[in-house]
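Asker: Sharing a structure below in C-alpha cells format, with a few things to ask.
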Amino acid sequence: MGVVSSSRWQTRLLKQKIASNENDYMPQEDDWDRDMLLDPAWEKQQRKTFTAWCNSHLRKAGTQIENIEEDFRDGLKLMLLLEVISGERLAKPERGKMRVHKISNVNKALHYITSKGVKLVSIGAEEIVDGNAKMTLGMIWTIILRFAIQDISVEETSAKEGLLLWCQRKTAPYKNVNIQNFHISWKDGLGFCALIHRHRPELIDYGKLRKDDPMTNLNTAFDVAEKYLDIPKMLDAEDIVGTARPDEKAIMTYVSSFYHAFSGAQKAETAANRICKVLAVNQENEQLMEDYEKLASDLLEWIRRTIPWLENRAPENTMLAMQQKLEDFRDYRRQHKPPKVQEKCQLEINFNTLQTKLRLSNRPAFMPSEGKMVSDVSNAWGGLEGAEKGYEEWLLNEIRRLERLDHLAEKFRQKAATHEAWTEGKEEMLQARDFETASLSEIKALLKKHEAFESDLAAHQDRVEQIAAIAQELNELDYYDSPSVNSRCQRICDRWDALGALTQKRSEALQRTEKLLETIDQLYLEFAKRAAPFNNWMEGAMEDLQDTFIVHTIEEIQGLSTAHEQFKATLPDADKERGAILGIHNEIAKIVATYHVNMAGTNPYTTINPQDINAKWDKVRQLVPQRDQALIEEHARQQNNERLRRQFANQANVIGPWIQTKMEEIGRISIEMHGTLEDQLTHLRQYEKNIVNYKPKIDQLEGDHQLIQEALIFDNKHTNYTMEHIRVGWEQLLTTIARTINEIENQILTRDAKGISQDQMNEFRASFNHFDRDHSGTLGAEEFKACLISLGFDIANDAQGEAEFSRIMSIVDPNRVGVVTFQAFIDFMSRETADTDTADQVMASFKVLAGDKNFIMADELRRELPPDQAEYCIARMAPYSGTDAVPGALDYMSFSTALYGESDL
C-alpha cells in the first residue's frame with residue numbers, strides 16, 4: 001500500500017513540474033503548419049527519425065522506404081504502413097499510375113486516419129502526391145502521435161504527459177539525469193542510457209559514463225538499442241549534439257520506441273506494485289496481531305499475579321499491621337490499577353481496529369491464541385474486580401474487629417486489675433483463726449465484719465461476671481492473645497470460687513460462735529454497712545470515669561455526654577452520704593473517747609476508714625473534669641468526622657450525576673452525529689479532553705475518601721454514592737468515550753479504504769438512525785430490513801427476497817444475536833459499494849512476475865520486489881511441487897491463498 005501511495009504522490013509532483021515548465025515540451029498538433037520546419041536541423045532530424053520509425057514497421061511486411069516524401073506519393077506504402085501498425089485492413093488501393101489513382105489512395109489513408117479521431121490540419125492528398133516534404137512529415141507525425149504515443153498513459157495522465165512522466169520515473173534514481181522536456185534534457189545521452197540500464201542493466205555499465213562526453217553516451221545508447229532491443233537507430237549523435245535545441249518530435253518518436261520495447265517490464269512493475277501493497281498490509285496486520293498478543297499476555301499475567309494477593313485473607317494481630325494493608329490497597333487503587341484500566345481499553349480498541357483492517361483487506365478474521373480473546377480478558381478482569389471488592393470489605397471488617405478487640409482487651413485488663421487488687425489478701429483474711437481466741441465483743445465484731453465482707457463480696461459479683469463476659473466476647477472475636485486472657489479469667493474465676501467457699505466456711509464458723517458474743521458496737525456496724533456500698537460506689541464511679549469508650553457518630557458521643565451529666569448531678573447527694581458516713585465515724589470516735597473503749601483506733605467491722613473514703617472521693621472529683629475533657633475531645637472528633645462526611649457527600653452528589661449525564665450525552669452523540677466523520681472525530685476528541693480535564697475532581701474526591709477511611713468512618717447518610725460507585729462510573733465513562741472515538745476512526749478507515757464518499761457515509765448514518773427508533777445503537781431484523789429497502793436493496797417479501805435477506809443477516813449478524821450494530825452495517829455497505837484486491841488478482845500479479853509460469857524463483861522475487869518484501873515472500877512460500885517444478889521453485893498460488901484464506905478462492 002505504501003508503494004502505491006508514494007507513486008501517486010510522485011505522479012502529482014511530476015505533473016506540477018510539467019505544468020510549471022517554462023518551455024512546454026510539446027506543441028499542439030494543430031500548430032504544425034505555423035512552427036514546423038523553421039529550423040533545417042529539425043527537418044533533418046525528423047526525416048531520419050520518421051523514416052526509421054516507418055521502416056521499423058514496414059519491414060514486417062517485407063519492404064521499406066528510402067525517401068519519405070517520395071515513397072509515400074502513390075499512397076500504396078502509406079496504406080500498407082497503416083495496416084501494419086493498426087492490424088486492420090484498409091480499402092482496396094488503386095493500382096493505376098495516374099495522378100488521380102495516387103490521390104485516391106492517399107485519401108483512403110487520410111480518411112482512415114481521421115476515422116480514428118485524428119484532426120488533420122492543412123494536410124491534403126494533393127500535397128502528399130506532389131511530394132510536399134512539410135506536409136508529409138506532418139502527416140507521419142500525426143500517425144506517430146495516434147498509433148505510437150496516444151495510448152501511453154501513466155497514472156491517469158494524458159498521452160504526452162504520460163510519456164514524459166514515465167521517463168522521469170524510470171530515470172529518477174540516476175545521477176546527472178533530469179528529464180524535463182523532449183529536447184535539451186536528452187542532449188547529453190544519459191537519459192537514453194538510464195532508460196536502457198533501468199530495464200536491462202547488463203547491457204550498459206552506467207557507472208563509467210560521463211556527463212561531459214555526450215557523443216559516447218548517445219552512440220552507446222543508440223548502438224545497444226539497435227543491437228539488443230530491436231529499436232532502429234532513428235537519430236545521429238552528431239545531429240543532437242550539434243543542435244542547440246533538438247527536435248522534440250524526433251526525440252519523442254524515438255523515446256516512444258523505448259517505451260513500447262519495455263512495456264513488458266511496465267506490466268511487471270504494475271504487478272509488483274500490487275503485490276507490494278498486499279504484502280505491506282499483511283505485514284502491518286501481523287505486527288498488530290503480535291502487539292495484541294503481547295498486550296493481552298501482559299495484562300492477563302498481571303491479573304494472574306494480582307488476584308492471589310487480593311484473595312489473601314490472612315488476618316493481622318495488630319491494628320497497625322492491618323492499617324498498613326489498607327494503605328497498600330490504596331496504593332494499588334491509585335497507582336497500579338489505573339494504567340491497567342487504560343491497557344484493557346486499548347486492548348479492545350486495538351482488537352476492533354485490527355478486525356476492521358482485516359475485513360477491509362479481505363483477510364480472515366483474527367483469532368487470538370487460546371485464552372487471550374477480549375472476552376477472556378474481560379472475564380479475568382471481572383474476577384479481579386470481584387476479588388478486589390471482597391478484599392476491601394474484608395480489610396474494613398478486620399479493622400473494625402481489631403478496633404473492637406483492642407477496646408475490649410483494655411476494658412478486660414482494667415476490670416481484672418481492679419478485681420485482683422480487691423481480692424488481694426482476702427483468702428488469708430477468711431482463713432484466719434482469730435475468732436478462736438477472741439472475746440465476745442471481738443467475736444461479734446468479727447461476725448459483723450464478715451457480714452460486711454459478704455455484702456462487699458456480693459457487690460463484686462457483677463464485676464466478675466463482666467470480666468467473664470468480656471473474655472467470652474474476645475474469644476468469639478478471635479482475639480490474638482485469647483490464651484492469656486482465658487488464663488487470667490480462669491484464675492479470677494477459680495479465686496472467686498475459692499473466696500465463696502472460704503466465705504461460707506468462715507460464716508458458718510462465726511455463726512457457731514455468735515452465741516458466745518453479745519455486744520457489738522452498732523455505730524461501727526452502721527459505719528461499715530454504709531461505708532462499704534459507698535466505697536463500692538466510688539470504686540465503680542472511678543472505674544466508669546476511667547473506662548475507655550469508642551463511638552462512630554456524633555449522636556453516640558452526645559449520649560455519653562448526657563449520661564455523664566446525669567452522673568455529675570448525683571454528686572451532691574453522694575457528698576451528703578459521705579458526710580453522713582464520716583459523721584458516724586466521728587460519733588464512734590467520740591464514744592471511744594468518752595467511754596474509753598479499748599478499740600485500738602480501728603473499726604472491727606470493716607477495713608474501710610475515713611481516710612480511704614476521702615482519698616477515693618478526691619479521686620472521683622479529680623476524674624470528673626478529666627472525663628469532661630475526654631468527652632469534649634471526642635465530640636470535636638465526631639464533628640470533624642461529620643464534616644468529612646458532608647465534604648465527601650457534597651462532591652460525590654455532584655460528580656455521580658455528572659458522570660451519568662456524560663454517559664447519556666455520549667450515547668446521544670454516537671447516535672445523532674452531524675457533519676463529516678472528521679468533524680465528529682474532532683468533536684469527540686474535544687469532548688474526551690473535557691472529560692479528562694475533570695480528573696482532578698475525581699482525585700480530590702479520592703483524597704477526601706482517604707481521609708474518611710483514615711478517620712475510620714464506615715457510613716455516610718448524606719449520600720448514596722460510594723467511592724467504588726464513582727470509580728466504576730469514571731472508568732466506564734473513559735472506556736465509553738474511547739470506544740466511541742475508535743468506532744468513528746474505524747468508520748473513517750472503512751470509508752477511505754473502500755472509497756466511500758462522505759455523502760454516502762452520511763446517507764448510511766441517516767438511514768441507520770432513522771430506523772433505530774429506540775436509540776439503542778442497533779437495529780432489529782425488521783428495522784434492518786426496512787433500512788435496506790430504503791437504500792434500494794431488492795428484498796421483497798417473496799422466496800427470493802427472503803433468501804437474499806437471510807444471506808445478508810448471516811453476514812451482519814454471524815452470531816445470530818438478532819440485532820445489527822452500526823459498525824457491522826457500515827462493513828456490509830462498504831463491501832457492497834467498493835472494490836478491493838482479491839486473492840485472484842494477487843495470484844495473477846505473481847504470475848506476471850513469474851513470466852506465466854506456475855511457480856516463481858527467489859531471484860525473480862528479489863529482482864521485482866523491494867528487499868524486505870521479497871524476503872518476506874521467500875520465507876513464507878512453500879516449495880512448488882508441480883510436475884513442471886525446477887530446483888528452487890516456489891509456490892505463489894498457495895501463498896496467495898494463505899493471504900486471503902481459502903474461502904476467497
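Ordering of the C-alpha cells sets the chain letters (A, B, ...); residue numbers start at 1 within each chain; ligands are numbered from 1 in the order shown.
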Extract, using only C-alpha atoms, all DNA, RNA and protein residues at most 12 Å from Gly540 (chain A), discarding same-chain residues fewer than 4 positions from it, and format them as a tab-separated table (two decimals) with all heavy atoms, in the first residue's frame.
Answerer:
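Generated file (part.tsv):
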chain	number	residue	atom	x	y	z
A	414	GLN	N	-8.44	-3.58	82.72
A	414	GLN	CA	-8.77	-2.64	83.81
A	414	GLN	C	-9.63	-3.32	84.88
A	414	GLN	O	-9.34	-3.22	86.08
A	414	GLN	CB	-9.50	-1.43	83.24
A	414	GLN	CG	-8.60	-0.48	82.45
A	414	GLN	CD	-9.34	0.76	81.98
A	414	GLN	OE1	-10.53	0.90	82.24
A	414	GLN	NE2	-8.62	1.64	81.31
A	415	LYS	N	-10.68	-4.02	84.44
A	415	LYS	CA	-11.58	-4.67	85.40
A	415	LYS	C	-10.86	-5.80	86.14
A	415	LYS	O	-11.05	-5.99	87.35
A	415	LYS	CB	-12.81	-5.21	84.68
A	415	LYS	CG	-13.75	-4.10	84.21
A	415	LYS	CD	-15.04	-4.67	83.64
A	415	LYS	CE	-16.02	-3.55	83.26
A	415	LYS	NZ	-16.50	-2.82	84.45
A	418	THR	N	-8.53	-4.27	88.74
A	418	THR	CA	-9.30	-3.75	89.88
A	418	THR	C	-9.76	-4.90	90.78
A	418	THR	O	-9.65	-4.84	92.02
A	418	THR	CB	-10.50	-2.96	89.38
A	418	THR	OG1	-10.05	-1.86	88.57
A	418	THR	CG2	-11.32	-2.42	90.54
A	419	HIS	N	-10.27	-5.95	90.14
A	419	HIS	CA	-10.77	-7.09	90.93
A	419	HIS	C	-9.62	-7.80	91.65
A	419	HIS	O	-9.76	-8.17	92.84
A	419	HIS	CB	-11.51	-8.06	90.01
A	419	HIS	CG	-12.03	-9.27	90.73
A	419	HIS	ND1	-13.14	-9.24	91.56
A	419	HIS	CD2	-11.56	-10.56	90.78
A	419	HIS	CE1	-13.35	-10.44	92.07
A	419	HIS	NE2	-12.39	-11.27	91.59
A	459	ALA	N	-21.34	-7.46	96.11
A	459	ALA	CA	-21.24	-6.30	95.22
A	459	ALA	C	-20.24	-6.54	94.09
A	459	ALA	O	-20.37	-5.98	93.00
A	459	ALA	CB	-20.83	-5.07	96.03
A	460	HIS	N	-19.24	-7.36	94.34
A	460	HIS	CA	-18.22	-7.65	93.30
A	460	HIS	C	-18.64	-8.76	92.35
A	460	HIS	O	-17.90	-9.07	91.41
A	460	HIS	CB	-16.89	-8.02	93.97
A	460	HIS	CG	-16.10	-6.84	94.44
A	460	HIS	ND1	-16.41	-6.14	95.59
A	460	HIS	CD2	-15.03	-6.19	93.89
A	460	HIS	CE1	-15.56	-5.14	95.76
A	460	HIS	NE2	-14.72	-5.13	94.73
A	462	ASP	N	-21.00	-8.75	90.13
A	462	ASP	CA	-21.22	-8.19	88.78
A	462	ASP	C	-19.91	-8.00	88.03
A	462	ASP	O	-19.82	-8.25	86.82
A	462	ASP	CB	-21.96	-6.86	88.88
A	462	ASP	CG	-23.42	-7.04	89.27
A	462	ASP	OD1	-23.91	-8.18	89.14
A	462	ASP	OD2	-24.05	-6.06	89.69
A	463	ARG	N	-18.88	-7.54	88.76
A	463	ARG	CA	-17.60	-7.31	88.09
A	463	ARG	C	-17.01	-8.62	87.56
A	463	ARG	O	-16.47	-8.68	86.45
A	463	ARG	CB	-16.62	-6.63	89.04
A	463	ARG	CG	-15.27	-6.36	88.37
A	463	ARG	CD	-14.30	-5.61	89.27
A	463	ARG	NE	-14.70	-4.22	89.43
A	463	ARG	CZ	-15.13	-3.69	90.57
A	463	ARG	NH1	-15.20	-4.43	91.65
A	463	ARG	NH2	-15.46	-2.42	90.64
A	533	PRO	N	-21.00	0.00	100.77
A	533	PRO	CA	-21.60	0.31	99.44
A	533	PRO	C	-21.14	1.66	98.88
A	533	PRO	O	-20.98	1.80	97.67
A	533	PRO	CB	-23.10	0.32	99.74
A	533	PRO	CG	-23.23	0.50	101.20
A	533	PRO	CD	-22.02	-0.13	101.83
A	534	PHE	N	-20.92	2.63	99.86
A	534	PHE	CA	-20.45	3.92	99.33
A	534	PHE	C	-19.05	3.78	98.72
A	534	PHE	O	-18.73	4.36	97.67
A	534	PHE	CB	-20.46	4.96	100.45
A	534	PHE	CG	-20.09	6.34	99.99
A	534	PHE	CD1	-20.95	7.07	99.18
A	534	PHE	CD2	-18.85	6.89	100.33
A	534	PHE	CE1	-20.59	8.34	98.75
A	534	PHE	CE2	-18.50	8.15	99.89
A	534	PHE	CZ	-19.37	8.88	99.09
A	535	ASN	N	-18.24	2.98	99.44
A	535	ASN	CA	-16.89	2.74	98.90
A	535	ASN	C	-16.96	2.01	97.55
A	535	ASN	O	-16.23	2.33	96.60
A	535	ASN	CB	-16.09	1.92	99.91
A	535	ASN	CG	-14.68	1.64	99.43
A	535	ASN	OD1	-13.85	2.54	99.36
A	535	ASN	ND2	-14.41	0.39	99.09
A	536	ASN	N	-17.89	1.03	97.50
A	536	ASN	CA	-18.06	0.29	96.23
A	536	ASN	C	-18.57	1.21	95.12
A	536	ASN	O	-18.14	1.13	93.95
A	536	ASN	CB	-19.01	-0.88	96.44
A	536	ASN	CG	-19.01	-1.82	95.24
A	536	ASN	OD1	-17.98	-2.35	94.87
A	536	ASN	ND2	-20.18	-2.01	94.65
A	544	ASP	N	-15.88	3.71	86.05
A	544	ASP	CA	-16.63	4.23	84.90
A	544	ASP	C	-15.98	5.49	84.33
A	544	ASP	O	-15.96	5.69	83.10
A	544	ASP	CB	-18.07	4.56	85.33
A	544	ASP	CG	-18.88	3.29	85.62
A	544	ASP	OD1	-18.44	2.22	85.14
A	544	ASP	OD2	-19.90	3.38	86.30
A	545	LEU	N	-15.47	6.36	85.23
A	545	LEU	CA	-14.85	7.58	84.74
A	545	LEU	C	-13.56	7.31	83.96
A	545	LEU	O	-13.16	8.10	83.11
A	545	LEU	CB	-14.54	8.52	85.93
A	545	LEU	CG	-15.77	9.16	86.59
A	545	LEU	CD1	-15.36	9.88	87.87
A	545	LEU	CD2	-16.47	10.12	85.63
A	546	GLN	N	-12.89	6.20	84.31
A	546	GLN	CA	-11.66	5.85	83.59
A	546	GLN	C	-11.91	4.89	82.43
A	546	GLN	O	-10.97	4.54	81.72
A	546	GLN	CB	-10.65	5.22	84.57
A	546	GLN	CG	-10.20	6.17	85.68
A	546	GLN	CD	-9.25	5.49	86.64
A	546	GLN	OE1	-8.05	5.45	86.40
A	546	GLN	NE2	-9.79	4.95	87.74
A	547	ASP	N	-13.14	4.45	82.29
A	547	ASP	CA	-13.47	3.48	81.23
A	547	ASP	C	-13.28	4.12	79.85
A	547	ASP	O	-13.72	5.24	79.60
A	547	ASP	CB	-14.92	3.02	81.39
A	547	ASP	CG	-15.25	1.91	80.40
A	547	ASP	OD1	-14.30	1.25	79.92
A	547	ASP	OD2	-16.44	1.71	80.10
A	567	PHE	N	-24.64	11.68	85.77
A	567	PHE	CA	-23.79	11.22	86.88
A	567	PHE	C	-23.34	12.42	87.73
A	567	PHE	O	-23.35	12.35	88.97
A	567	PHE	CB	-22.58	10.47	86.31
A	567	PHE	CG	-21.50	10.24	87.32
A	567	PHE	CD1	-21.63	9.24	88.29
A	567	PHE	CD2	-20.36	11.04	87.35
A	567	PHE	CE1	-20.64	9.05	89.24
A	567	PHE	CE2	-19.37	10.84	88.30
A	567	PHE	CZ	-19.50	9.84	89.26
A	616	LYS	N	-10.59	8.38	98.07
A	616	LYS	CA	-11.34	7.94	96.89
A	616	LYS	C	-12.29	9.04	96.40
A	616	LYS	O	-12.51	9.20	95.19
A	616	LYS	CB	-12.10	6.66	97.18
A	616	LYS	CG	-11.17	5.47	97.35
A	616	LYS	CD	-11.93	4.19	97.64
A	616	LYS	CE	-10.94	3.01	97.81
A	616	LYS	NZ	-11.64	1.75	98.08
A	617	TRP	N	-12.89	9.77	97.40
A	617	TRP	CA	-13.77	10.87	96.99
A	617	TRP	C	-12.99	11.95	96.23
A	617	TRP	O	-13.45	12.44	95.18
A	617	TRP	CB	-14.44	11.47	98.22
A	617	TRP	CG	-15.33	12.66	97.89
A	617	TRP	CD1	-15.06	13.96	98.12
A	617	TRP	CD2	-16.59	12.61	97.25
A	617	TRP	NE1	-16.06	14.75	97.67
A	617	TRP	CE2	-17.05	13.93	97.13
A	617	TRP	CE3	-17.42	11.57	96.80
A	617	TRP	CZ2	-18.26	14.25	96.55
A	617	TRP	CZ3	-18.62	11.89	96.24
A	617	TRP	CH2	-19.03	13.22	96.09
A	619	LYS	N	-10.35	11.41	94.51
A	619	LYS	CA	-10.02	10.81	93.19
A	619	LYS	C	-11.20	10.93	92.22
A	619	LYS	O	-11.03	11.27	91.04
A	619	LYS	CB	-9.64	9.33	93.38
A	619	LYS	CG	-9.26	8.62	92.08
A	619	LYS	CD	-8.00	9.19	91.48
A	619	LYS	CE	-7.54	8.39	90.28
A	619	LYS	NZ	-6.35	8.96	89.64
A	620	VAL	N	-12.44	10.69	92.77
A	620	VAL	CA	-13.63	10.84	91.92
A	620	VAL	C	-13.75	12.28	91.45
A	620	VAL	O	-13.99	12.54	90.26
A	620	VAL	CB	-14.90	10.40	92.68
A	620	VAL	CG1	-16.16	10.79	91.90
A	620	VAL	CG2	-14.89	8.90	92.93
Asker: Neighbours of Lys294 (chain A) within 12 Å (only C-alpha atoms; same-chain residues fewer than 3 positions away dropped), as an MDAnalysis selection string?
Answerer: chainID A and resid 287:291 297:301 343 347 350 368:369 372
Asker: Between CA of Asn746 (chain A) and CA of Ser896 (chain A), measure the distance and give it in Å to one decimal.
Answerer: 26.0 Å
Asker: Pick out the residues sitting within 12 Å of region 203-208 of chain A, and hand them over as a PyMOL selection string; count only C-alpha atoms, and ignore anything fewer than 4 positions along from it in its own chain.
Answerer: chain A and resi 171+174-177+189-199+212-213+216-217+219-229
Asker: Quick one: residues within 9 Å of region 476-490 of chain A, only C-alpha atoms, excluding same-chain residues fewer than 2 positions away - as a PyMOL selection string?
Answerer: chain A and resi 316-318+401-402+404-406+409+412-413+416+464+467-468+471-474+492-495
Asker: Write out as a VMD selection string which residues come within 7 Å of region 776-784 of chain A when counting only C-alpha atoms, dropping same-chain ones fewer than 4 positions away.
Answerer: chain A and resid 671 771 to 772 788 818 to 822
Asker: Using only C-alpha atoms, which residues sit within 7 Å of Tyr900 (chain A) once same-chain residues fewer than 4 positions away are excluded, as a PyMOL selection string?
Answerer: chain A and resi 362-364+839+896+904
Asker: Using only C-alpha atoms, which residues sit within 9 Å of Asn132 (chain A) once same-chain residues fewer than 6 positions away are excluded, as a list in words?
Answerer: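 Here the answer would be Glu69, Glu70 and Glu126 of chain A.
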Asker: Dump all heavy atoms for the selected residues as a PDB file, in the first residue's frame?
Answerer:
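Final output, saved to again-v9.pdb:
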ATOM      1  N   GLU A  69       9.306  11.689 -48.550  1.00  0.00           N
ATOM      2  CA  GLU A  69       8.288  12.433 -49.300  1.00  0.00           C
ATOM      3  C   GLU A  69       8.043  11.828 -50.676  1.00  0.00           C
ATOM      4  O   GLU A  69       6.974  12.036 -51.278  1.00  0.00           O
ATOM      5  CB  GLU A  69       8.675  13.922 -49.410  1.00  0.00           C
ATOM      6  CG  GLU A  69       9.904  14.217 -50.244  1.00  0.00           C
ATOM      7  CD  GLU A  69      11.148  14.313 -49.390  1.00  0.00           C
ATOM      8  OE1 GLU A  69      11.185  13.621 -48.327  1.00  0.00           O
ATOM      9  OE2 GLU A  69      12.065  15.050 -49.744  1.00  0.00           O
ATOM     10  N   GLU A  70       8.996  11.022 -51.183  1.00  0.00           N
ATOM     11  CA  GLU A  70       8.821  10.409 -52.499  1.00  0.00           C
ATOM     12  C   GLU A  70       8.099   9.075 -52.410  1.00  0.00           C
ATOM     13  O   GLU A  70       7.201   8.768 -53.203  1.00  0.00           O
ATOM     14  CB  GLU A  70      10.201  10.213 -53.170  1.00  0.00           C
ATOM     15  CG  GLU A  70      10.869  11.523 -53.599  1.00  0.00           C
ATOM     16  CD  GLU A  70      10.105  12.239 -54.704  1.00  0.00           C
ATOM     17  OE1 GLU A  70       9.415  11.564 -55.496  1.00  0.00           O
ATOM     18  OE2 GLU A  70      10.155  13.486 -54.729  1.00  0.00           O
ATOM     19  N   GLU A 126      -3.383  16.071 -52.230  1.00  0.00           N
ATOM     20  CA  GLU A 126      -2.620  16.647 -53.331  1.00  0.00           C
ATOM     21  C   GLU A 126      -1.200  16.997 -52.897  1.00  0.00           C
ATOM     22  O   GLU A 126      -0.232  16.767 -53.643  1.00  0.00           O
ATOM     23  CB  GLU A 126      -3.327  17.907 -53.868  1.00  0.00           C
ATOM     24  CG  GLU A 126      -4.641  17.627 -54.599  1.00  0.00           C
ATOM     25  CD  GLU A 126      -5.782  17.401 -53.626  1.00  0.00           C
ATOM     26  OE1 GLU A 126      -5.545  17.489 -52.384  1.00  0.00           O
ATOM     27  OE2 GLU A 126      -6.920  17.116 -54.069  1.00  0.00           O
TER      28      GLU A 126
END
Asker: One decimal, in Å: what's the spacing between CA of Val341 (chain A) and CA of Trp730 (chain A)?
Answerer: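 These atoms are spaced 10.9 Å apart.
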Asker: Listing only residues of region 209-325 of chain A within 10 Å of region 44-56 of chain A, what is the closest atom pair and its distance in Å (to one decimal) for each, using only C-alpha atoms, sorted by chain and residue number ascending, as a tab-separated table?
Answerer:
residue	atom	partner	partner_atom	distance
A:Asp230	CA	A:Ser56	CA	8.8
A:Ile231	CA	A:Ser56	CA	7.7
A:Pro232	CA	A:Ala52	CA	6.3
A:Lys233	CA	A:Ala52	CA	6.9
A:Met234	CA	A:Thr49	CA	4.2
A:Leu235	CA	A:Thr49	CA	5.7
A:Asp236	CA	A:Gln45	CA	8.1
A:Asp239	CA	A:Gln45	CA	6.9
A:Ile240	CA	A:Gln45	CA	8.2
A:Thr243	CA	A:Gln45	CA	9.8
A:Pro246	CA	A:Gln45	CA	8.0
A:Asp247	CA	A:Gln45	CA	6.7
A:Glu248	CA	A:Gln46	CA	9.1
A:Lys249	CA	A:Gln46	CA	7.1
A:Ala250	CA	A:Gln46	CA	5.2
A:Ile251	CA	A:Thr49	CA	8.2
A:Met252	CA	A:Thr49	CA	9.8
A:Thr253	CA	A:Thr49	CA	7.3
A:Tyr254	CA	A:Thr49	CA	7.0
A:Ser257	CA	A:Trp53	CA	8.4
Asker: With N, CA, C and O atoms retained, write the just-selected residues as a tab-separated table (two decimals), in the first residue's frame.
Answerer:
chain	number	residue	atom	x	y	z
A	230	ASP	N	16.10	-4.20	-30.64
A	230	ASP	CA	15.39	-4.14	-31.91
A	230	ASP	C	14.75	-2.77	-32.12
A	230	ASP	O	13.66	-2.67	-32.68
A	231	ILE	N	15.43	-1.72	-31.66
A	231	ILE	CA	14.98	-0.35	-31.89
A	231	ILE	C	15.91	0.25	-32.94
A	231	ILE	O	17.11	0.42	-32.68
A	232	PRO	N	15.42	0.55	-34.11
A	232	PRO	CA	16.31	1.07	-35.16
A	232	PRO	C	16.92	2.41	-34.75
A	232	PRO	O	16.32	3.17	-33.97
A	233	LYS	N	18.05	2.71	-35.30
A	233	LYS	CA	18.74	3.96	-35.00
A	233	LYS	C	18.04	5.09	-35.75
A	233	LYS	O	18.15	5.23	-36.96
A	234	MET	N	17.28	5.91	-35.00
A	234	MET	CA	16.45	6.94	-35.60
A	234	MET	C	17.13	8.30	-35.64
A	234	MET	O	16.62	9.23	-36.27
A	235	LEU	N	18.22	8.50	-34.92
A	235	LEU	CA	18.91	9.79	-34.87
A	235	LEU	C	20.41	9.56	-34.90
A	235	LEU	O	20.90	8.48	-34.55
A	236	ASP	N	21.14	10.59	-35.29
A	236	ASP	CA	22.60	10.56	-35.22
A	236	ASP	C	23.05	11.38	-34.03
A	236	ASP	O	22.48	12.45	-33.73
A	239	ASP	N	23.86	14.95	-34.86
A	239	ASP	CA	22.73	15.85	-35.06
A	239	ASP	C	22.22	16.40	-33.72
A	239	ASP	O	21.85	17.58	-33.62
A	240	ILE	N	22.19	15.57	-32.72
A	240	ILE	CA	21.67	16.01	-31.41
A	240	ILE	C	22.66	16.93	-30.73
A	240	ILE	O	22.32	18.01	-30.24
A	243	THR	N	23.05	20.46	-32.36
A	243	THR	CA	21.86	21.32	-32.40
A	243	THR	C	21.63	21.92	-31.02
A	243	THR	O	21.66	21.20	-30.01
A	246	PRO	N	17.43	20.13	-29.84
A	246	PRO	CA	16.99	19.03	-30.71
A	246	PRO	C	15.48	19.07	-30.93
A	246	PRO	O	14.72	19.57	-30.11
A	247	ASP	N	15.06	18.51	-32.05
A	247	ASP	CA	13.64	18.49	-32.40
A	247	ASP	C	12.86	17.61	-31.43
A	247	ASP	O	13.19	16.44	-31.20
A	248	GLU	N	11.81	18.18	-30.87
A	248	GLU	CA	11.00	17.47	-29.88
A	248	GLU	C	10.32	16.25	-30.48
A	248	GLU	O	10.24	15.19	-29.85
A	249	LYS	N	9.77	16.42	-31.69
A	249	LYS	CA	9.01	15.32	-32.29
A	249	LYS	C	9.92	14.14	-32.59
A	249	LYS	O	9.54	12.97	-32.42
A	250	ALA	N	11.15	14.41	-33.03
A	250	ALA	CA	12.09	13.33	-33.31
A	250	ALA	C	12.45	12.61	-32.01
A	250	ALA	O	12.44	11.37	-31.95
A	251	ILE	N	12.78	13.38	-30.98
A	251	ILE	CA	13.13	12.78	-29.69
A	251	ILE	C	11.95	11.99	-29.15
A	251	ILE	O	12.08	10.86	-28.65
A	252	MET	N	10.76	12.58	-29.25
A	252	MET	CA	9.57	11.94	-28.69
A	252	MET	C	9.28	10.62	-29.40
A	252	MET	O	8.91	9.61	-28.78
A	253	THR	N	9.46	10.63	-30.73
A	253	THR	CA	9.22	9.41	-31.50
A	253	THR	C	10.21	8.33	-31.09
A	253	THR	O	9.83	7.16	-30.87
A	254	TYR	N	11.47	8.73	-30.98
A	254	TYR	CA	12.50	7.77	-30.59
A	254	TYR	C	12.21	7.20	-29.20
A	254	TYR	O	12.26	5.99	-28.96
A	257	SER	N	9.59	4.53	-28.83
A	257	SER	CA	10.04	3.18	-29.19
A	257	SER	C	10.62	2.48	-27.96
A	257	SER	O	10.42	1.27	-27.78
Asker: May I have all residues of region 634-876 of chain A that DSSP, computed from the backbone, assigns to alpha helix (DSSP H), given as an MDAnalysis selection string?
Answerer: chainID A and resid 634:671 677:692 695:710 723:754 758:771 781:790 799:812 822:833 839:849 858:864 867:876
